[in-house]
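One structure is given below, encoded as structure tokens.
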2 protein chains.
Amino acid sequence: MAESAARAGSSKDRRISPQALAAALRDRVVRGVYPPGHRLTEDDLAEQYGVSRIPVREALRLLEGEGFVRVKPYSGTFVAELTAQDAADLLEIRGVLEPLAASRAAETRTDAHLDGLRQILADGTAALAAEDLEELAELNTKFHALLTEASGNSTLNQIIGTLQHKITWVYSVELPRRAADSWAEHRLIINALERSDADSARALMVAHVRSAQAAYRLRPPLPGQDA
Amino acid sequence: MAESAARAGSSKDRRISPQALAAALRDRVVRGVYPPGHRLTEDDLAEQYGVSRIPVREALRLLEGEGFVRVKPYSGTFVAELTAQDAADLLEIRGVLEPLAASRAAETRTDAHLDGLRQILADGTAALAAEDLEELAELNTKFHALLTEASGNSTLNQIIGTLQHKITWVYSVELPRRAADSWAEHRLIINALERSDADSARALMVAHVRSAQAAYRLRPPLPGQDA
DNA sequence: CTACGGAAGATTGCATACGATCATTTCCGG
DNA sequence: CCGGAAATGATCGTATGCAATCTTCCGTAG
């Protein structure tokens, strides 16, 4: 019944890759389409995405490895439920990893990275003036992602990436007037990177994440589905 | 020669679980049985462990998620090769995460954790006196693992666990007389946990990992293992 | 002798099929 | 009327088979 909506039925349905499927599912988890505790049935997902259970299983295992779902053998796969303590620890972990990334980035950055960061800074400043909050949030994410990438360490990059996904999952970031200060701090960090001043970059990032921490508010357990 | 351990060839072979298989493979990667760049054939592994390719694939994907192998589509699964820079960054990441774990553990530890740590400390002191270096290394790992677990944060626990595996993979730890100092520091950390002194625990752990860092030497690229 | 192209072999990726285990329901006894 | 145990249904875990893709090898042309 009603397989039409699920099919996403177009003429050319390229088979989706397990990685892409995992990304899609993670996106739905993060956006709350699948609430915590929700059961994900392999057969259902297989039919929804027009593939067999094998790639679905693989996607679910990927998400399990990232901590977004929890698999109980012979029982099912459920969207993970994080406690408030777990959520708080996410921010705390990021709070020590991002300064490290900033420090490393000051040493290993390329000019291309610097240019990219400056571009994001410019766009962010513009978005700030235009009060485009959604764009601002996205640029903020891009800034931190690019800075992490500039650190040149794949392990760190991967860990912070997953953390960021989880943080956007359990937290709703409130964008207050702090955004102005936030982008001022971004500018300072970029300057430190430009001078290849690792210590300053680390210290500035410590201050940045610490003051940003106040902007994060735990998302209500069951949101009324806002898009 | 035909390690009997590989076959596990006894009378009653219970089917191995994908997680256990992943652990076994990771152990071989870490021990250098499978050198970096080595190709892991699904069919081979399936036959070796007496299962079909499906659980083998799942194990390989787990290891891919942890970063021990790299999968090239339609081509094969290869043991990952880490650069010296990547290896150095492993220690640096752990260097900021373990102090955080120590700090948290000072607040969330249970008496059971404390007892366990004290027991490990006692065993470690004994092993130190007996100059049982192998036992000492294992107890050191256990100490840090239990302390991390005592932090009560699953995310942190998981990240540090994987890091530890990678570190033992690419580094060979040299156990000098520093071991005496090391266990003295362990004792101080336990005392801080006992007092629930988070700041001291963090500071002590910072000092500990910093001085321990000198004991880690990059493992020679090719141990000459061909199998 | 070297470079290029194609075909054969090998290996992964996925679909289908079957067995194992868990959750729920129903039936029987207290 | 209620509680426990067996049966039933649903779902996960694994095995087998086939299609898609990559790699290698060999033949041919330059």
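Just remember, in the structure tokens the first chain shown is A, the second B, etc., residues are 1-based per chain, and ligands are 1-based in the order shown.
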*After a least-squares fit of chain A on chain B across every C-alpha pair in order, what's the RMSD, to one decimal?*
2.1 Å
*Give me the residues within 12 Å of C:DT2 as number ranges by chain, counting only C-alpha atoms (C1' of nucleotides) and dropping any in the same chain fewer than 6 places off.*
D: 28-30
Compile a residue-level contact table for chain B against chain C at a cut-off of 12 Å, reporting for every qualifying residue the shortest atom pair and its distance in Å to one decimal, with only C-alpha atoms (C1' of nucleotides) counted, rows ordered by chain and ascending number, as a Markdown table.
| residue | atom | partner | partner_atom | distance |
| --- | --- | --- | --- | --- |
| B:Arg39 | CA | C:DT11 | C1' | 11.5 |
| B:Leu40 | CA | C:DT11 | C1' | 10.9 |
| B:Thr41 | CA | C:DT11 | C1' | 7.9 |
| B:Glu42 | CA | C:DT11 | C1' | 8.5 |
| B:Asp43 | CA | C:DT11 | C1' | 8.6 |
| B:Asp44 | CA | C:DT11 | C1' | 10.9 |
| B:Arg53 | CA | C:DT12 | C1' | 10.5 |
| B:Ile54 | CA | C:DG13 | C1' | 11.1 |
| B:Arg57 | CA | C:DT12 | C1' | 10.1 |
| B:Val71 | CA | C:DT12 | C1' | 10.2 |
| B:Lys72 | CA | C:DT12 | C1' | 9.3 |
| B:Pro73 | CA | C:DT12 | C1' | 7.0 |
| B:Tyr74 | CA | C:DT12 | C1' | 4.4 |
| B:Ser75 | CA | C:DT12 | C1' | 6.4 |
| B:Gly76 | CA | C:DT12 | C1' | 6.8 |
| B:Thr77 | CA | C:DT12 | C1' | 9.5 |
*Would you give me, as a PyMOL selection string, the residues in stretch 36-175 of chain B that DSSP reads as strand (DSSP E or B)?*
chain B and resi 39-40+69-72+76-79+171-173
Next, the residues of the selection above should be written as a short mmCIF file (atom, residue, chain, number, x, y, z; two decimals), in the first residue's frame with N, CA and C atoms.
data_model
loop_
_atom_site.label_atom_id
_atom_site.label_comp_id
_atom_site.auth_asym_id
_atom_site.auth_seq_id
_atom_site.Cartn_x
_atom_site.Cartn_y
_atom_site.Cartn_z
N ARG B 39 46.07 -6.49 1.05
CA ARG B 39 44.71 -6.64 0.56
C ARG B 39 43.99 -7.73 1.33
N LEU B 40 42.81 -7.42 1.75
CA LEU B 40 41.99 -8.39 2.47
C LEU B 40 40.85 -8.84 1.55
N VAL B 69 40.96 0.09 7.89
CA VAL B 69 41.06 -0.37 6.51
C VAL B 69 40.40 0.66 5.60
N ARG B 70 40.70 0.52 4.34
CA ARG B 70 40.17 1.43 3.35
C ARG B 70 39.56 0.60 2.23
N VAL B 71 38.32 0.89 1.89
CA VAL B 71 37.62 0.09 0.89
C VAL B 71 37.56 0.86 -0.42
N LYS B 72 38.02 0.22 -1.48
CA LYS B 72 37.87 0.80 -2.81
C LYS B 72 36.83 -0.01 -3.55
N GLY B 76 38.60 -3.72 -3.72
CA GLY B 76 39.05 -4.53 -2.60
C GLY B 76 39.18 -3.71 -1.33
N THR B 77 39.49 -4.41 -0.26
CA THR B 77 39.69 -3.78 1.04
C THR B 77 41.17 -3.88 1.39
N PHE B 78 41.76 -2.76 1.74
CA PHE B 78 43.19 -2.73 2.01
C PHE B 78 43.45 -2.18 3.41
N VAL B 79 44.45 -2.71 4.06
CA VAL B 79 44.85 -2.19 5.35
C VAL B 79 45.34 -0.76 5.17
N TYR B 171 52.40 2.75 17.01
CA TYR B 171 53.49 3.05 17.91
C TYR B 171 53.91 1.80 18.67
N SER B 172 55.19 1.71 18.91
CA SER B 172 55.67 0.73 19.85
C SER B 172 56.13 1.49 21.08
N VAL B 173 55.53 1.18 22.19
CA VAL B 173 55.83 1.95 23.39
C VAL B 173 57.08 1.38 24.06
#
*asked:* To test your reading of the structure, identify every residue in stretch 42-205 of chain B that backbone DSSP assigns to alpha helix (DSSP H), and report it as a VMD selection string.
replied: chain B and resid 42 to 49 53 to 66 84 to 108 111 to 130 133 to 150 154 to 170 178 to 194 198 to 205
_Should the cut-off be 8 Å, what would the residue list for chain D against chain B look like, counting only C-alpha atoms (C1' of nucleotides), as a PyMOL selection string?_
chain D and resi 14-15+21-22
*asked:* as number ranges by chain, could you give me every residue of chain A near chain B (at most 12 Å apart, counting only C-alpha atoms)?
replied: A: 17-19, 53-68, 73, 82-101, 103-104, 108, 151-160, 162-163, 166
*Work out how far apart atom CA of B:His144 and atom CA of B:Ala130 are and give it in Å to one decimal.*
21.2 Å
*To one decimal in Å, tell me the separation between atom CA of A:Glu134 and atom CA of A:Ala20.*
24.3 Å
*Exercise: B:Arg28 partners within 12 Å, only C-alpha atoms (C1' of nucleotides), chain neighbours under 2 positions left out, as a list of chain:residue names*: B:Ala5, B:Ala6, B:Leu21, B:Ala22, B:Ala23, B:Ala24, B:Leu25, B:Arg26, B:Val30, B:Arg31, B:Gly32, B:Val33, B:Tyr34, B:Pro35, B:Pro36, B:His38, B:Leu40, B:Leu63, B:Phe68, B:Val69, B:Val79, B:His165, B:Thr168, B:Trp169, B:Gln225, B:Ala227
